[in-house]
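Engineer: What follows is the file input31.csv, containing CSV, C-alpha atoms and all ligand atoms:
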chain,number,residue,atom,x,y,z
A,1,MET,CA,48.7,26.7,-7.2
A,2,THR,CA,46.2,24.0,-8.0
A,3,ALA,CA,42.6,25.0,-8.7
A,4,THR,CA,39.8,22.7,-7.6
A,5,PRO,CA,36.7,22.3,-9.7
A,6,THR,CA,33.8,24.7,-8.8
A,7,ASN,CA,31.4,21.8,-9.0
A,8,ALA,CA,33.3,19.1,-7.2
A,9,PRO,CA,31.6,15.7,-7.2
A,10,ALA,CA,29.8,15.0,-3.9
A,11,ASP,CA,31.9,12.2,-2.6
A,12,ARG,CA,31.3,12.1,1.1
A,13,VAL,CA,31.0,8.7,2.5
A,14,PRO,CA,30.5,7.4,6.1
A,15,LEU,CA,33.7,6.9,8.0
A,16,PRO,CA,35.2,3.4,7.9
A,17,GLN,CA,33.9,0.6,10.1
A,18,GLN,CA,37.3,-1.1,10.2
A,19,ALA,CA,38.8,1.3,12.7
A,20,TRP,CA,39.4,2.2,16.4
A,21,TYR,CA,37.0,4.8,17.7
A,22,VAL,CA,36.8,6.6,21.0
A,23,GLY,CA,34.2,4.7,23.1
A,24,ALA,CA,34.3,6.9,26.1
A,25,ALA,CA,36.6,9.1,28.2
A,26,SER,CA,38.3,6.8,30.7
A,27,SER,CA,37.0,8.9,33.6
A,28,ARG,CA,33.4,8.4,32.5
A,29,LEU,CA,33.6,4.6,32.8
A,30,ALA,CA,33.6,3.7,36.5
A,31,ASP,CA,31.4,1.2,38.4
A,32,ALA,CA,28.3,1.4,36.3
A,33,PRO,CA,27.8,0.1,32.7
A,34,LEU,CA,27.9,2.8,30.0
A,35,ALA,CA,25.8,2.7,26.9
A,36,ILE,CA,27.4,4.1,23.7
A,37,VAL,CA,26.6,3.9,20.0
A,38,ILE,CA,29.1,3.7,17.2
A,39,HIS,CA,28.1,3.2,13.5
A,40,GLY,CA,24.6,2.4,14.6
A,41,GLN,CA,25.8,-0.4,16.9
A,42,ALA,CA,24.5,-0.3,20.5
A,43,ILE,CA,27.4,-1.2,22.7
A,44,VAL,CA,27.8,-1.4,26.5
A,45,LEU,CA,31.1,-0.7,28.2
A,46,PHE,CA,31.9,-1.9,31.7
A,47,ARG,CA,35.0,-2.7,33.8
A,48,ASP,CA,35.9,-6.1,35.2
A,49,SER,CA,37.2,-6.6,38.7
A,50,ALA,CA,40.7,-5.9,37.5
A,51,GLY,CA,39.5,-2.6,36.1
A,52,ARG,CA,39.9,-3.7,32.4
A,53,ALA,CA,37.3,-2.2,30.1
A,54,HIS,CA,35.1,-4.5,28.0
A,55,ALA,CA,32.6,-3.8,25.2
A,56,LEU,CA,29.6,-6.0,24.5
A,57,HIS,CA,26.6,-5.7,22.2
A,58,ASP,CA,24.1,-3.8,24.4
A,59,ARG,CA,21.4,-6.4,24.1
A,60,CYS,CA,20.8,-9.3,26.5
A,61,PRO,CA,20.8,-12.6,24.6
A,62,HIS,CA,17.9,-13.8,26.8
A,63,ARG,CA,15.1,-11.3,26.0
A,64,GLY,CA,16.8,-8.4,24.4
A,65,VAL,CA,16.9,-5.8,27.3
A,66,ALA,CA,19.8,-3.4,27.1
A,67,LEU,CA,22.6,-4.7,29.3
A,68,SER,CA,23.5,-1.1,30.1
A,69,LEU,CA,20.3,-0.9,32.2
A,70,GLY,CA,21.9,-3.5,34.5
A,71,THR,CA,24.6,-3.4,37.2
A,72,VAL,CA,28.2,-4.5,37.5
A,73,SER,CA,29.5,-6.6,40.4
A,74,GLU,CA,32.4,-8.9,40.9
A,75,GLY,CA,33.5,-8.0,37.3
A,76,LEU,CA,30.3,-9.3,35.7
A,77,ILE,CA,27.5,-7.3,34.1
A,78,ALA,CA,24.1,-8.4,35.3
A,79,CYS,CA,21.0,-7.8,33.2
A,80,ALA,CA,18.3,-5.7,34.8
A,81,TYR,CA,15.5,-8.1,33.7
A,82,HIS,CA,16.2,-11.6,35.0
A,83,GLY,CA,19.7,-11.1,36.4
A,84,TRP,CA,21.7,-13.2,33.9
A,85,ARG,CA,25.4,-12.3,34.4
A,86,PHE,CA,28.0,-11.9,31.7
A,87,ASP,CA,31.8,-11.7,31.7
A,88,GLY,CA,34.0,-9.5,29.5
A,89,MET,CA,34.1,-12.3,26.8
A,90,GLY,CA,30.3,-12.1,26.5
A,91,ARG,CA,29.9,-15.5,28.2
A,92,CYS,CA,26.9,-16.0,30.4
A,93,ARG,CA,28.4,-17.1,33.8
A,94,HIS,CA,25.2,-17.2,35.9
A,95,ILE,CA,21.5,-17.6,35.5
A,96,PRO,CA,19.7,-17.1,38.8
A,97,SER,CA,16.6,-19.1,37.8
A,98,LEU,CA,18.6,-22.3,37.1
A,99,ARG,CA,19.0,-24.9,39.8
A,100,SER,CA,22.6,-25.1,40.8
A,101,GLU,CA,23.2,-28.5,39.1
A,102,GLN,CA,21.8,-27.2,35.8
A,103,PRO,CA,24.6,-26.1,33.4
A,104,VAL,CA,24.6,-22.6,31.9
A,105,LYS,CA,24.5,-23.2,28.1
A,106,THR,CA,23.8,-20.1,26.1
A,107,ALA,CA,25.4,-18.4,23.1
A,108,PRO,CA,27.7,-15.5,24.1
A,109,ALA,CA,27.0,-11.9,23.6
A,110,ARG,CA,28.9,-10.2,20.8
A,111,THR,CA,32.1,-8.6,22.0
A,112,TYR,CA,34.1,-5.7,20.6
A,113,PRO,CA,37.9,-5.4,21.1
A,114,THR,CA,38.8,-2.6,23.4
A,115,ALA,CA,42.0,-0.7,24.4
A,116,GLU,CA,42.6,1.9,27.0
A,117,ARG,CA,45.2,4.6,26.5
A,118,ASP,CA,45.7,8.4,26.4
A,119,GLY,CA,42.6,9.2,28.4
A,120,TYR,CA,40.1,7.1,26.4
A,121,VAL,CA,38.6,3.7,26.1
A,122,TRP,CA,38.8,2.8,22.4
A,123,VAL,CA,36.5,0.3,20.6
A,124,TRP,CA,37.3,-1.6,17.4
A,125,THR,CA,34.1,-1.7,15.3
A,126,GLY,CA,35.5,-3.7,12.4
A,127,GLN,CA,35.1,-7.3,11.5
A,128,GLY,CA,37.8,-9.7,12.8
A,129,ALA,CA,40.8,-8.8,14.9
A,130,PRO,CA,42.0,-5.2,15.0
A,131,THR,CA,44.7,-4.2,12.6
A,132,GLY,CA,47.1,-2.3,14.9
A,133,GLN,CA,46.4,-0.2,18.0
A,134,PRO,CA,44.6,3.1,18.4
A,135,LEU,CA,46.6,6.0,17.2
A,136,PRO,CA,48.7,7.4,20.2
A,137,ILE,CA,48.3,10.9,21.4
A,138,GLU,CA,51.9,12.1,21.2
A,139,GLY,CA,53.2,13.4,24.6
A,140,PHE,CA,49.9,12.7,26.4
A,141,ASP,CA,51.5,12.0,29.7
A,142,ARG,CA,53.5,15.3,29.7
A,143,TYR,CA,50.4,17.5,30.0
A,144,THR,CA,47.2,18.0,32.0
A,145,TRP,CA,44.1,18.1,29.9
A,146,LEU,CA,40.5,19.3,29.8
A,147,GLN,CA,38.1,16.8,28.2
A,148,GLY,CA,34.5,16.7,27.1
A,149,ALA,CA,32.1,15.6,24.4
A,150,THR,CA,29.5,17.3,22.3
A,151,ALA,CA,26.7,15.6,20.4
A,152,LEU,CA,26.2,16.9,16.9
A,153,ALA,CA,23.2,16.4,14.6
A,154,CYS,CA,25.3,15.9,11.5
A,155,GLU,CA,27.5,13.3,9.8
A,156,ALA,CA,30.9,12.9,11.4
A,157,ILE,CA,32.7,14.0,8.2
A,158,MET,CA,31.2,17.4,8.6
A,159,PRO,CA,33.0,18.6,11.7
A,160,ILE,CA,36.1,16.9,10.4
A,161,GLU,CA,35.9,19.1,7.3
A,162,ASN,CA,34.9,22.1,9.4
A,163,ASN,CA,38.0,21.7,11.6
A,164,LEU,CA,40.2,21.6,8.5
A,165,ASP,CA,38.5,24.6,6.9
A,166,ILE,CA,40.8,27.6,7.4
A,167,CYS,CA,38.5,30.1,5.8
A,168,HIS,CA,35.4,29.6,8.0
A,169,ALA,CA,36.9,30.9,11.3
A,170,ALA,CA,36.6,34.6,10.3
A,171,PHE,CA,32.9,34.2,9.7
A,172,THR,CA,31.6,31.4,12.0
A,173,HIS,CA,33.4,32.5,15.2
A,174,PRO,CA,32.6,36.1,16.0
A,175,HIS,CA,34.3,37.4,19.2
A,176,MET,CA,36.0,34.0,19.6
A,177,HIS,CA,38.6,33.3,17.0
A,178,PRO,CA,41.8,35.3,16.2
A,179,GLN,CA,40.9,35.2,12.5
A,180,TRP,CA,37.6,37.0,13.3
A,181,PHE,CA,39.4,39.7,15.2
A,182,ARG,CA,41.9,40.1,12.3
A,183,ALA,CA,39.2,40.3,9.8
A,184,GLN,CA,37.5,43.0,11.9
A,185,ALA,CA,40.7,45.0,12.0
A,186,ALA,CA,41.9,44.7,8.5
A,187,GLY,CA,39.1,43.0,6.4
A,188,PHE,CA,39.2,39.4,5.4
A,189,GLN,CA,42.5,38.5,3.8
A,190,PRO,CA,42.8,35.2,1.8
A,191,THR,CA,45.9,33.3,3.1
A,192,ARG,CA,48.2,31.0,1.3
A,193,TYR,CA,48.6,27.7,3.1
A,194,GLU,CA,50.2,24.4,2.3
A,195,LEU,CA,48.3,21.1,2.2
A,196,ALA,CA,50.4,18.0,2.5
A,197,THR,CA,49.0,14.5,2.2
A,198,ASP,CA,50.5,11.3,3.5
A,199,PRO,CA,49.2,7.7,3.9
A,200,GLY,CA,47.8,8.5,7.4
A,201,GLY,CA,46.0,11.7,6.6
A,202,LEU,CA,46.9,15.3,5.8
A,203,THR,CA,48.5,18.4,7.3
A,204,VAL,CA,47.5,22.0,6.6
A,205,SER,CA,49.9,24.7,7.5
A,206,ALA,CA,50.2,28.5,7.2
A,207,PRO,CA,51.9,31.1,9.3
A,208,GLY,CA,50.3,30.7,12.8
A,209,THR,CA,48.2,27.7,11.8
A,210,LEU,CA,48.8,24.0,12.0
A,211,LEU,CA,46.0,21.5,11.4
A,212,ARG,CA,46.4,17.7,11.1
A,213,PHE,CA,43.8,15.1,10.1
A,214,ASP,CA,44.5,11.5,11.0
A,215,LEU,CA,42.3,8.7,9.7
A,216,PRO,CA,39.7,7.8,10.6
A,217,ASP,CA,38.4,10.7,12.6
A,218,ARG,CA,41.0,12.8,14.4
A,219,VAL,CA,41.7,16.5,13.8
A,220,THR,CA,44.5,18.1,15.8
A,221,VAL,CA,44.5,21.9,16.0
A,222,GLY,CA,47.8,23.4,16.8
A,223,GLY,CA,50.8,21.3,17.8
A,224,SER,CA,53.0,23.3,20.0
A,225,GLU,CA,53.9,23.3,23.7
A,226,ALA,CA,51.5,26.2,24.0
A,227,PHE,CA,48.3,25.0,22.3
A,228,ARG,CA,46.8,21.7,21.1
A,229,LEU,CA,43.2,20.8,20.7
A,230,ILE,CA,42.5,17.1,19.7
A,231,LEU,CA,39.1,16.3,18.3
A,232,HIS,CA,37.6,12.8,17.5
A,233,HIS,CA,34.4,12.6,15.6
A,234,VAL,CA,32.6,9.3,16.3
A,235,PRO,CA,29.7,8.4,14.0
A,236,THR,CA,26.8,7.3,16.2
A,237,MET,CA,23.6,7.1,14.1
A,238,PRO,CA,23.0,8.3,10.5
A,239,GLY,CA,23.1,12.1,10.5
A,240,ARG,CA,24.6,12.2,14.0
A,241,CYS,CA,28.0,12.1,15.7
A,242,LEU,CA,29.8,12.7,19.0
A,243,GLN,CA,32.7,15.1,19.0
A,244,HIS,CA,35.1,14.2,21.8
A,245,TRP,CA,37.4,17.1,22.5
A,246,LEU,CA,40.7,17.2,24.5
A,247,LEU,CA,42.4,20.5,25.3
A,248,GLN,CA,46.0,20.5,26.3
A,249,ARG,CA,46.8,22.5,29.4
A,250,GLU,CA,50.0,22.9,31.6
A,251,PRO,CA,52.9,20.5,31.4
A,252,THR,CA,53.0,18.0,34.3
A,253,HIS,CA,55.1,15.3,35.8
A,254,GLU,CA,52.1,13.4,37.1
A,255,PRO,CA,50.4,10.7,35.2
A,256,ALA,CA,47.9,12.5,33.0
A,257,ALA,CA,44.3,12.5,34.4
A,258,PRO,CA,42.1,14.7,32.2
A,259,ILE,CA,39.5,16.8,34.0
A,260,TRP,CA,36.1,16.3,32.6
A,261,SER,CA,33.9,19.2,31.6
A,262,ASP,CA,30.2,19.0,30.8
A,263,LYS,CA,30.2,22.5,29.3
A,264,GLU,CA,30.2,22.8,25.6
A,265,PRO,CA,33.0,25.3,24.6
A,266,GLU,CA,31.4,28.3,22.9
A,267,ILE,CA,33.6,28.0,19.9
A,268,LEU,CA,32.3,24.4,19.3
A,269,ALA,CA,28.7,25.6,19.8
A,270,GLN,CA,29.3,28.2,17.0
A,271,ASP,CA,30.5,25.3,14.7
A,272,ARG,CA,27.5,23.2,15.7
A,273,ARG,CA,25.1,25.9,14.6
A,274,VAL,CA,26.3,26.0,11.1
A,275,LEU,CA,27.0,22.2,10.7
A,276,GLU,CA,23.5,21.2,11.9
A,277,SER,CA,22.0,23.7,9.5
A,278,ALA,CA,24.0,22.2,6.6
A,279,GLN,CA,23.0,18.7,7.7
A,280,ARG,CA,19.4,19.7,7.4
A,281,ALA,CA,20.0,20.9,3.8
A,282,TYR,CA,21.8,17.7,2.9
A,283,ALA,CA,19.1,15.6,4.5
A,284,GLN,CA,16.3,17.4,2.5
A,285,GLU,CA,18.0,18.0,-0.8
A,286,GLY,CA,20.9,15.6,-1.2
A,287,ASP,CA,24.3,17.0,-1.9
A,288,ALA,CA,24.4,17.5,-5.6
A,289,PHE,CA,23.9,21.2,-5.1
A,290,GLU,CA,27.3,21.6,-3.6
A,291,GLN,CA,29.9,23.9,-5.2
A,292,SER,CA,33.5,24.3,-4.3
A,293,VAL,CA,36.3,26.8,-4.7
A,294,GLU,CA,40.0,26.5,-4.3
A,295,ALA,CA,39.8,27.3,-0.6
A,296,ASP,CA,37.9,24.0,-0.2
A,297,ALA,CA,40.9,21.9,-1.1
A,298,THR,CA,41.5,20.8,2.5
A,299,THR,CA,38.0,19.6,3.1
A,300,LEU,CA,37.9,17.8,-0.3
A,301,ALA,CA,41.2,16.2,0.5
A,302,ALA,CA,39.8,14.9,3.8
A,303,ARG,CA,36.8,13.5,2.0
A,304,ARG,CA,39.0,11.8,-0.5
A,305,ALA,CA,41.2,10.3,2.2
A,306,VAL,CA,38.1,8.9,4.0
A,307,ARG,CA,36.6,7.5,0.8
A,308,LEU,CA,39.9,5.8,-0.2
A,309,ALA,CA,40.4,4.4,3.4
A,310,VAL,CA,36.9,2.9,3.2
A,311,GLN,CA,37.9,1.3,-0.1
A,312,GLY,CA,41.2,0.1,1.4
A,313,ARG,CA,43.1,2.2,-1.1
A,314,ILE,CA,44.7,4.9,1.0
A,315,ALA,CA,48.3,3.8,0.4
A,316,GLU,CA,47.7,3.7,-3.4
A,317,ALA,CA,46.2,7.2,-3.3
A,318,PHE,CA,48.7,8.9,-1.0
A,319,PRO,CA,51.9,6.9,-1.6
A,320,GLY,CA,54.2,9.5,-0.1
A,321,ASN,CA,54.3,13.1,1.0
A,322,ARG,CA,52.7,15.3,-1.6
A,323,SER,CA,52.0,19.0,-1.1
A,324,LEU,CA,50.4,21.9,-2.8
A,325,CYS,CA,49.7,25.5,-2.1
A,326,VAL,CA,46.1,26.7,-2.0
A,327,LEU,CA,44.4,29.9,-1.1
A,328,SER,CA,41.9,30.1,1.7
F,401,LIG,S1,16.4,-10.2,29.3
F,401,LIG,FE1,18.3,-10.3,30.3
F,401,LIG,S2,18.2,-11.8,31.8
F,401,LIG,FE2,16.3,-11.9,30.8
F,402,FE,FE,35.1,26.3,13.6
Could you render the structure from this file as structure tokens?

Structural biologist:
Amino acid sequence: MTATPTNAPADRVPLPQQAWYVGAASSRLADAPLAIVIHGQAIVLFRDSAGRAHALHDRCPHRGVALSLGTVSEGLIACAYHGWRFDGMGRCRHIPSLRSEQPVKTAPARTYPTAERDGYVWVWTGQGAPTGQPLPIEGFDRYTWLQGATALACEAIMPIENNLDICHAAFTHPHMHPQWFRAQAAGFQPTRYELATDPGGLTVSAPGTLLRFDLPDRVTVGGSEAFRLILHHVPTMPGRCLQHWLLQREPTHEPAAPIWSDKEPEILAQDRRVLESAQRAYAQEGDAFEQSVEADATTLAARRAVRLAVQGRIAEAFPGNRSLCVLS
């Protein structure tokens, strides 16, 4: 058993920029442009005439109007102000006020690499070309899915920690979580679980519990044929994030086409209540007040993984599988 300090240093850092993030559920991006924000960057998503998704800086290079206010036709996005039209490479292809013999000579809009797979349009927010592809969702095409997104007024690392926090369920999720019912029946019982780190993230396991964190922002709850909830936590603005959730349903032989839900699951609303409360405390007081106990080892390990990933030192820190037992 490894004890953690009761006054752990506050070492939360913003999630890395050099990464793929969920931009939007594929089903949300149809004929109209879609405005998103990742790491404070305003981005517009749209599809070209072949259906390929593109991401541009959501600001017209002419007079600054958000391109997401515009329309898409013939694979080009047209600004709502003076009708300049841009392709997926950010190049201006048409300026209505120019006479036809006048050439279009403007600087392109910034583009972001995109990829579409496993029910999402992914956006690379880093500098330069992407390093690798978005992390696949294993077995995505073998299931049907329910999909949604919940805005949270807290830093993205907070719901990541929360979803790896075994102890909280018995208290935060009355009438919702099996651990709450168990605690009602028999009192709260600390459980021994195993925490294993690896270069991609960490795994937390205990009888009946399996949690996985994959850098930069994915938490997978469960991992069986019967149950899997996959959560991505996209940093939007300082103190805010968007939690994309994907719930595995029945097996299927059809190509996976997740069903979209606008309803916030009650169990996520219960988490949101405590997380937004904590964010208000951190915003007002800083985080030096924090204290930790042994049961916080999973959340502290996630912070550490993120911090080292931001520093480009993840392989150095987690060179191979390493595990320890801790008490929730
Ligand atoms: S501001 Fe976009 S075309 Fe003028
Ligand atoms: Fe929770």

Engineer: Can you tell me which residues come within 8 Å of ligand LIG 401 (chain F) when counting all atoms listed in the file, ideally as a list in words?

Structural biologist: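 Residues lying within 8 Å of ligand LIG 401 (chain F): Arg59, Cys60, Pro61, His62, Arg63, Gly64, Val65, Ala66, Leu67, Ala78, Cys79, Ala80, Tyr81, His82, Gly83, Trp84, Arg85 and Ile95 of chain A.
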
Engineer: Which residues sit within 8 Å of ligand FE 402 (chain F), counting only C-alpha atoms and all ligand atoms, listed as a list of chain:residue names?

Structural biologist: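 The distance check yields A:Asn162, A:Asn163, A:Asp165, A:His168, A:Ala169, A:Thr172, A:His173, A:Ile267, A:Leu268, A:Gln270, A:Asp271.
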
Engineer: For Ser73 of chain A, find every residue with an atom within 9 Å (counting only C-alpha atoms), except residues of its own chain fewer than 3 positions away, and show them as an MDAnalysis selection string.

Structural biologist: chainID A and resid 31 48:49 76:78

Engineer: Residues of segment 97-173 of chain A that approach segment 9-19 of chain A to 7 Å or less, counting only C-alpha atoms: could you list each one with the shortest pair of atoms and its distance in Å to one decimal, rows by chain and increasing residue number, as CSV?

Structural biologist:
residue,atom,partner,partner_atom,distance
A:Trp124,CA,A:Ala19,CA,5.7
A:Thr125,CA,A:Gln17,CA,5.7
A:Gly126,CA,A:Gln18,CA,3.9
A:Gln127,CA,A:Gln18,CA,6.7

Engineer: Can you tell me, as a ChimeraX atom specification, what residues are no more than 6 Å from segment 239-246 of chain A when counting all atoms listed in the file, ignoring any on the same chain fewer than 5 positions away?

Structural biologist: /A:146-156,229-234

Engineer: Go ahead and write the selection's residues with C-alpha atoms as a compact mmCIF listing (two decimals), in the frame of the given file.

Structural biologist:
# COMPACT_ATOMS: atom_id res chain seq x y z
CA LEU A 146 40.50 19.30 29.80
CA GLN A 147 38.10 16.80 28.20
CA GLY A 148 34.50 16.70 27.10
CA ALA A 149 32.10 15.60 24.40
CA THR A 150 29.50 17.30 22.30
CA ALA A 151 26.70 15.60 20.40
CA LEU A 152 26.20 16.90 16.90
CA ALA A 153 23.20 16.40 14.60
CA CYS A 154 25.30 15.90 11.50
CA GLU A 155 27.50 13.30 9.80
CA ALA A 156 30.90 12.90 11.40
CA LEU A 229 43.20 20.80 20.70
CA ILE A 230 42.50 17.10 19.70
CA LEU A 231 39.10 16.30 18.30
CA HIS A 232 37.60 12.80 17.50
CA HIS A 233 34.40 12.60 15.60
CA VAL A 234 32.60 9.30 16.30

Engineer: Find the residue from A:Pro258, A:Pro265, A:Pro238, A:Pro199 that sits nearest to Ser26 of chain A; use all atoms listed in the file when measuring.

Structural biologist: A:Pro258

Engineer: Could you tell me which of A:Pro235, A:Pro103, A:Gly187, A:Gly40 comes closest to Met158 of chain A if we count only C-alpha atoms?

Structural biologist: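 Closest to Met158 of chain A, using only C-alpha atoms: A:Pro235.
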
Engineer: Fewer than 4 positions away in the same chain doesn't count, so skip those; otherwise give me all residues within 10 Å of Arg52 of chain A, counting all atoms listed in the file, as a VMD selection string.

Structural biologist: chain A and resid 46 to 48 75 88 114 to 116 121

Engineer: For the atom pair atom CA of Ala281 of chain A and atom CA of Thr236 of chain A, what is the interatomic distance in Å to one decimal place?

Structural biologist: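 Atom CA of Thr236 of chain A lies 19.6 Å from atom CA of Ala281 of chain A.
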